[in-house]
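The file query.cif contains mmCIF, C-alpha atoms and all ligand atoms:
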```cif
data_start
#
loop_
_atom_site.label_atom_id
_atom_site.label_comp_id
_atom_site.auth_asym_id
_atom_site.auth_seq_id
_atom_site.Cartn_x
_atom_site.Cartn_y
_atom_site.Cartn_z
CA MET A 1 0.18 25.05 -37.88
CA ALA A 2 2.87 23.34 -39.92
CA LEU A 3 1.83 19.75 -40.53
CA LEU A 4 4.50 18.03 -38.45
CA ASP A 5 3.90 20.43 -35.55
CA LEU A 6 0.19 19.70 -35.75
CA ILE A 7 0.85 15.96 -35.74
CA LYS A 8 3.10 16.33 -32.71
CA HIS A 9 0.50 18.49 -30.97
CA ARG A 10 -2.33 15.96 -31.32
CA LYS A 11 -2.94 13.53 -28.49
CA SER A 12 -5.98 11.45 -27.65
CA VAL A 13 -8.34 13.50 -25.47
CA ARG A 14 -10.43 11.69 -22.88
CA ASP A 15 -11.60 14.61 -20.78
CA PHE A 16 -13.65 17.28 -22.53
CA LEU A 17 -14.90 20.70 -21.53
CA ASP A 18 -18.61 21.27 -21.15
CA ARG A 19 -18.69 23.58 -24.16
CA PRO A 20 -20.62 23.03 -27.38
CA VAL A 21 -18.73 22.69 -30.64
CA GLU A 22 -19.74 25.09 -33.40
CA ARG A 23 -21.34 23.40 -36.42
CA GLU A 24 -19.09 25.51 -38.69
CA LYS A 25 -16.02 23.87 -37.16
CA ILE A 26 -17.50 20.42 -37.51
CA MET A 27 -18.22 21.18 -41.17
CA VAL A 28 -14.55 22.08 -41.73
CA CYS A 29 -13.52 18.74 -40.18
CA LEU A 30 -16.02 16.92 -42.40
CA GLU A 31 -14.62 18.71 -45.44
CA ALA A 32 -11.12 17.53 -44.51
CA ALA A 33 -12.43 13.97 -44.25
CA ARG A 34 -14.35 14.29 -47.52
CA LEU A 35 -11.17 15.16 -49.39
CA ALA A 36 -9.29 12.05 -48.21
CA PRO A 37 -7.93 9.72 -50.86
CA SER A 38 -9.43 6.23 -51.17
CA ALA A 39 -8.80 3.11 -53.23
CA CYS A 40 -10.33 3.63 -56.70
CA ASN A 41 -11.75 6.86 -55.25
CA SER A 42 -14.57 4.80 -53.80
CA GLN A 43 -15.06 7.04 -50.73
CA PRO A 44 -16.61 4.24 -48.64
CA TRP A 45 -17.73 6.35 -45.69
CA LYS A 46 -20.62 8.19 -44.17
CA PHE A 47 -20.40 10.34 -41.06
CA ILE A 48 -23.25 10.83 -38.60
CA VAL A 49 -22.52 13.75 -36.30
CA VAL A 50 -24.34 13.40 -33.00
CA ASP A 51 -24.34 16.80 -31.29
CA ASP A 52 -27.86 16.81 -29.86
CA LYS A 53 -27.22 16.40 -26.13
CA GLN A 54 -30.19 14.19 -25.38
CA LEU A 55 -29.49 11.88 -28.28
CA LYS A 56 -25.76 11.85 -27.55
CA ASP A 57 -26.39 10.91 -23.92
CA LYS A 58 -28.68 8.09 -25.00
CA LEU A 59 -26.11 6.91 -27.54
CA CYS A 60 -23.27 6.96 -25.02
CA ALA A 61 -25.30 5.16 -22.35
CA ALA A 62 -25.98 2.34 -24.79
CA ALA A 63 -22.66 2.24 -26.62
CA PHE A 64 -20.37 2.32 -23.59
CA SER A 65 -22.00 0.08 -21.02
CA GLY A 66 -21.01 -3.40 -19.83
CA ILE A 67 -17.86 -4.67 -21.48
CA TYR A 68 -17.51 -1.35 -23.32
CA SER A 69 -17.54 0.79 -20.19
CA MET A 70 -13.81 1.50 -20.38
CA ASN A 71 -14.86 4.12 -22.92
CA SER A 72 -17.53 5.69 -20.75
CA PHE A 73 -15.38 8.86 -20.66
CA CYS A 74 -17.05 9.55 -24.02
CA LYS A 75 -20.15 10.62 -22.09
CA VAL A 76 -18.47 13.96 -21.38
CA ALA A 77 -17.65 14.56 -25.06
CA PRO A 78 -20.13 17.07 -26.53
CA VAL A 79 -20.00 15.40 -29.94
CA ILE A 80 -19.70 11.81 -31.10
CA VAL A 81 -19.07 11.21 -34.78
CA VAL A 82 -20.16 7.81 -36.03
CA VAL A 83 -18.25 6.62 -39.07
CA ILE A 84 -20.10 4.12 -41.22
CA SER A 85 -18.00 1.94 -43.47
CA GLU A 86 -20.00 1.99 -46.68
CA LYS A 87 -19.62 -0.44 -49.57
CA THR A 88 -16.57 0.21 -51.73
CA ASN A 89 -17.06 0.47 -55.47
CA PHE A 90 -16.74 -2.55 -57.74
CA LEU A 91 -13.08 -2.02 -58.68
CA ALA A 92 -11.91 -1.56 -55.09
CA ARG A 93 -13.91 -4.61 -54.03
CA ILE A 94 -12.51 -6.86 -56.75
CA GLY A 95 -8.99 -5.48 -56.25
CA GLY A 96 -9.31 -5.99 -52.50
CA MET A 97 -10.49 -9.59 -52.91
CA PHE A 98 -7.67 -10.34 -55.33
CA ARG A 99 -5.04 -8.79 -53.04
CA GLY A 100 -6.57 -9.95 -49.76
CA THR A 101 -6.57 -6.32 -48.62
CA LYS A 102 -9.38 -4.50 -46.87
CA TYR A 103 -8.93 -1.24 -48.76
CA TYR A 104 -12.02 0.22 -47.17
CA LEU A 105 -10.40 0.11 -43.73
CA ILE A 106 -7.35 1.94 -45.05
CA ASP A 107 -9.68 4.51 -46.64
CA ILE A 108 -11.67 5.01 -43.44
CA GLY A 109 -8.45 5.38 -41.47
CA ILE A 110 -7.18 8.14 -43.74
CA ALA A 111 -10.49 10.01 -43.70
CA VAL A 112 -10.74 9.83 -39.91
CA GLU A 113 -7.17 11.03 -39.46
CA HIS A 114 -7.90 13.96 -41.80
CA PHE A 115 -10.88 14.76 -39.57
CA VAL A 116 -8.85 14.42 -36.39
CA LEU A 117 -5.94 16.57 -37.56
CA GLN A 118 -8.28 19.26 -38.85
CA ALA A 119 -10.04 19.25 -35.48
CA GLU A 120 -6.72 19.65 -33.70
CA ASP A 121 -5.88 22.61 -35.92
CA LEU A 122 -9.17 24.22 -34.87
CA GLY A 123 -8.35 23.76 -31.19
CA LEU A 124 -10.59 20.73 -30.74
CA GLY A 125 -9.63 17.45 -29.13
CA THR A 126 -10.53 14.00 -30.39
CA CYS A 127 -10.23 10.38 -29.48
CA TRP A 128 -10.57 7.50 -31.90
CA ILE A 129 -13.00 4.97 -30.43
CA GLY A 130 -12.88 1.41 -31.70
CA TRP A 131 -14.40 -0.36 -28.67
CA PHE A 132 -18.17 0.18 -28.48
CA ASN A 133 -21.48 -1.62 -28.78
CA GLU A 134 -22.02 -1.43 -32.53
CA ARG A 135 -25.48 -2.98 -32.48
CA ALA A 136 -26.70 -0.37 -29.98
CA VAL A 137 -25.25 2.50 -32.03
CA LYS A 138 -26.99 1.23 -35.16
CA SER A 139 -30.29 0.79 -33.44
CA ILE A 140 -30.29 4.28 -31.87
CA LEU A 141 -29.28 6.06 -35.08
CA GLY A 142 -31.38 4.01 -37.47
CA VAL A 143 -28.37 2.55 -39.26
CA PRO A 144 -29.36 -0.70 -40.99
CA GLN A 145 -27.95 -3.73 -39.12
CA ASN A 146 -26.21 -4.96 -42.29
CA LYS A 147 -23.96 -1.87 -42.34
CA LYS A 148 -20.58 -1.81 -40.59
CA ILE A 149 -19.46 0.79 -38.09
CA ASP A 150 -15.78 0.34 -37.38
CA ILE A 151 -14.93 3.56 -35.62
CA LEU A 152 -16.34 6.51 -33.70
CA ILE A 153 -14.71 9.85 -32.95
CA ALA A 154 -15.20 11.65 -29.64
CA LEU A 155 -14.90 15.38 -30.27
CA GLY A 156 -14.86 18.49 -28.14
CA TYR A 157 -12.95 21.33 -26.56
CA TYR A 158 -10.39 20.32 -23.97
CA ASP A 159 -7.96 21.69 -21.46
CA ARG A 160 -4.44 21.00 -22.70
CA GLU A 161 -3.03 21.33 -19.17
CA LYS A 162 -5.07 18.32 -18.13
CA LEU A 163 -3.78 15.99 -20.85
CA GLY A 164 -1.86 12.94 -19.68
CA SER A 165 1.73 12.27 -20.59
CA GLU A 166 2.64 11.50 -24.16
CA HIS A 167 2.42 7.99 -25.48
CA GLY A 168 5.77 6.70 -26.53
CA ARG A 169 6.52 5.83 -30.10
CA GLU A 170 9.08 3.44 -31.51
CA PRO A 171 12.22 5.12 -32.83
CA ILE A 172 12.52 5.62 -36.60
CA GLY A 173 15.34 3.08 -36.75
CA LYS A 174 12.94 0.38 -35.55
CA ILE A 175 10.03 1.14 -37.86
CA ALA A 176 11.69 2.19 -41.11
CA SER A 177 14.60 1.27 -43.28
CA PHE A 178 15.89 2.19 -46.70
CA ASN A 179 16.11 -0.23 -49.57
CA SER A 180 15.54 -3.55 -47.73
CA TYR A 181 13.55 -5.03 -44.84
C1 LIG A 201 -8.27 2.43 -34.59
C2 LIG A 201 -8.11 3.03 -33.22
C3 LIG A 201 -8.98 2.65 -32.21
C4 LIG A 201 -8.87 3.23 -30.94
N1 LIG A 201 -9.80 2.91 -29.98
C5 LIG A 201 -9.74 3.52 -28.78
C6 LIG A 201 -10.74 3.26 -27.80
O1 LIG A 201 -11.67 2.49 -28.00
N2 LIG A 201 -10.63 3.90 -26.59
C7 LIG A 201 -9.61 4.78 -26.32
O2 LIG A 201 -9.59 5.35 -25.21
N3 LIG A 201 -8.65 5.06 -27.24
C8 LIG A 201 -8.69 4.45 -28.45
N4 LIG A 201 -7.75 4.76 -29.41
C9 LIG A 201 -6.68 5.73 -29.11
C10 LIG A 201 -5.33 5.06 -28.88
O3 LIG A 201 -5.34 4.40 -27.65
C11 LIG A 201 -4.23 6.13 -28.93
O4 LIG A 201 -4.24 6.74 -30.21
C12 LIG A 201 -2.84 5.56 -28.69
O5 LIG A 201 -2.73 5.04 -27.38
C13 LIG A 201 -1.75 6.63 -28.87
O6 LIG A 201 -2.00 7.75 -28.03
P1 LIG A 201 -2.19 9.23 -28.60
O7 LIG A 201 -3.37 9.18 -29.54
O8 LIG A 201 -2.44 10.09 -27.40
O9 LIG A 201 -0.93 9.58 -29.31
C14 LIG A 201 -7.84 4.18 -30.68
C15 LIG A 201 -6.98 4.55 -31.70
C16 LIG A 201 -7.12 4.01 -32.96
C17 LIG A 201 -6.19 4.48 -34.05
#
```
Can you turn what I pasted into structure tokens?
Amino acid sequence: MALLDLIKHRKSVRDFLDRPVEREKIMVCLEAARLAPSACNSQPWKFIVVDDKQLKDKLCAAAFSGIYSMNSFCKVAPVIVVVISEKTNFLARIGGMFRGTKYYLIDIGIAVEHFVLQAEDLGLGTCWIGWFNERAVKSILGVPQNKKIDILIALGYYDREKLGSEHGREPIGKIASFNSY
């Protein structure tokens, strides 16, 4: 698909089909994420793909209970991708401190959007998940508690007919200008 068409086609998916996702397709999505640019090329990410049903169910039960239960729809996603924000390299860290910019979050955002758009191109739906019990996710997957997990991706096949209406976006005139603020 042409890039802009693909971007227009993508919507957050919160209702998935009970159909496993082929590892080959997940590998293509990971490759798209791997090739993302990052500040000082520090590539501060690691992806844990949870596609084992038993483990995924356990993860979802723990990650989306209590105050996080608004995301319990993730339980029907056949795959959850856990994105670990790894340490940036020295240059990106110093540059980030000097500028007061969390470059690693920008980097993670680009890599995840690469993943998400690639998934869409393969006919797979995704939802970015930022509201989850991080401590529980770390403990179930053996991620050291001193690491940071900022985002998860719910992934799976979906029925396009069942998608909700589109989320509105601000018009270009409100979010962009030429040559001055
Ligand atoms: C960083 C980030 C975190 C998000 N966290 C959640 C989440 O926890 N639960 C959820 O249902 N959607 C989440 N979303 C999806 C947004 O709600 C969604 O992208 C937005 O409403 C626009 O809708 P669209 O993706 O269908 O265009 C998140 C999106 C981003 C980029």
Using all atoms listed in the file, which residues sit within 10 Å of range 51-57 of chain A once same-chain residues fewer than 6 positions away are excluded, as a PyMOL selection string? chain A and resi 20-23+26+63+74-81+140-141+155
Any chance you can output those residues with C-alpha atoms as a PDB file, in the coordinates of the input?
```pdb
ATOM      1  CA  PRO A  20     -20.620  23.030 -27.380  1.00  0.00           C
ATOM      2  CA  VAL A  21     -18.730  22.690 -30.640  1.00  0.00           C
ATOM      3  CA  GLU A  22     -19.740  25.090 -33.400  1.00  0.00           C
ATOM      4  CA  ARG A  23     -21.340  23.400 -36.420  1.00  0.00           C
ATOM      5  CA  ILE A  26     -17.500  20.420 -37.510  1.00  0.00           C
ATOM      6  CA  ALA A  63     -22.660   2.240 -26.620  1.00  0.00           C
ATOM      7  CA  CYS A  74     -17.050   9.550 -24.020  1.00  0.00           C
ATOM      8  CA  LYS A  75     -20.150  10.620 -22.090  1.00  0.00           C
ATOM      9  CA  VAL A  76     -18.470  13.960 -21.380  1.00  0.00           C
ATOM     10  CA  ALA A  77     -17.650  14.560 -25.060  1.00  0.00           C
ATOM     11  CA  PRO A  78     -20.130  17.070 -26.530  1.00  0.00           C
ATOM     12  CA  VAL A  79     -20.000  15.400 -29.940  1.00  0.00           C
ATOM     13  CA  ILE A  80     -19.700  11.810 -31.100  1.00  0.00           C
ATOM     14  CA  VAL A  81     -19.070  11.210 -34.780  1.00  0.00           C
ATOM     15  CA  ILE A 140     -30.290   4.280 -31.870  1.00  0.00           C
ATOM     16  CA  LEU A 141     -29.280   6.060 -35.080  1.00  0.00           C
ATOM     17  CA  LEU A 155     -14.900  15.380 -30.270  1.00  0.00           C
TER      18      LEU A 155
END
```
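Coordinates place CA of Gly156 in chain A at a distance of 7.5 Å from CA of Arg19 in chain A.
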Which protein, DNA or RNA residues have an atom within 7 Å of ligand LIG 201 (chain A), counting only C-alpha atoms and all ligand atoms, as an NGL selection string? :A and (10-12 or 14 or 71 or 127-132 or 151 or 166-167)
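Using all atoms listed in the file, the smallest distance between any of A:Asp150, A:Phe98, A:Glu161, A:Leu122 and Arg135 in chain A comes from A:Asp150.
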Atom pair CA of Leu163 in chain A / CA of Glu24 in chain A: separation (Å):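 Those two atoms sit 25.4 Å apart.
The smallest atom-to-atom distance between Ala33 in chain A and any of A:Gln118, A:Thr101, A:Ser65, A:Ser85, using only C-alpha atoms, is found for A:Gln118.
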Go through A:Lys46, A:Arg34, A:Lys58, A:Lys8 and flag the residue nearest Ser139 in chain A, using all atoms listed in the file for the distances. A:Lys58
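In this structure, CA of Tyr158 in chain A sits 6.0 Å away from CA of Gly125 in chain A.
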Hey, can you pull every residue with an atom no more than 10 Å from (-5.6, 13.8, -37.6), using only C-alpha atoms, and send it as a PyMOL selection string? chain A and resi 3+6-7+10-11+29+32-33+109-121+126-128
Kindly compute an axis-aligned box around the listed atoms of range 97-109 of chain A, allowing 4 Å on each side, and express its centre and edge lengths in Å to one decimal as lines of an AutoDock Vina configuration file.
```
center_x = -8.5
center_y = -2.5
center_z = -48.4
size_x = 15.0
size_y = 23.7
size_z = 21.9
```
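With only C-alpha atoms as the atoms that count, the minimum distance from Val50 in chain A to the choices A:Lys147, A:Ile106, A:Ala154, A:Ile172 is reached by A:Ala154.
Candidate residues A:Lys162, A:Leu124, A:Ile48, A:Asn146 were compared for distance to Leu30 in chain A, and the nearest is A:Ile48, using only C-alpha atoms.
With distances restricted to only C-alpha atoms, A:Asn89 is the closest residue to Ala39 in chain A from A:Ser165, A:Ser72, A:Gln145, A:Asn89.
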Could you give me, as a list of chain:residue names, the residues within 8 Å of Pro44 in chain A, counting all atoms listed in the file and dropping anything in the same chain fewer than 6 positions from it? A:Ser38, A:Ser85, A:Glu86, A:Lys87, A:Thr88, A:Asn89, A:Tyr104, A:Asp107, A:Ile108
List every protein, DNA or RNA residue that has an atom no more than 6 Å from (-9.7, -1.3, -52.7) in the file's coordinate frame, counting only C-alpha atoms, and report them as a list of chain:residue names. A:Ala39, A:Ala92, A:Arg93, A:Gly95, A:Gly96, A:Tyr103
Output for the residues just chosen: C-alpha atoms as a PDB file, keeping the file's coordinate frame:
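Wrote result.pdb, looks like this:
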```pdb
ATOM      1  CA  ALA A  39      -8.800   3.110 -53.230  1.00  0.00           C
ATOM      2  CA  ALA A  92     -11.910  -1.560 -55.090  1.00  0.00           C
ATOM      3  CA  ARG A  93     -13.910  -4.610 -54.030  1.00  0.00           C
ATOM      4  CA  GLY A  95      -8.990  -5.480 -56.250  1.00  0.00           C
ATOM      5  CA  GLY A  96      -9.310  -5.990 -52.500  1.00  0.00           C
ATOM      6  CA  TYR A 103      -8.930  -1.240 -48.760  1.00  0.00           C
TER       7      TYR A 103
END
```
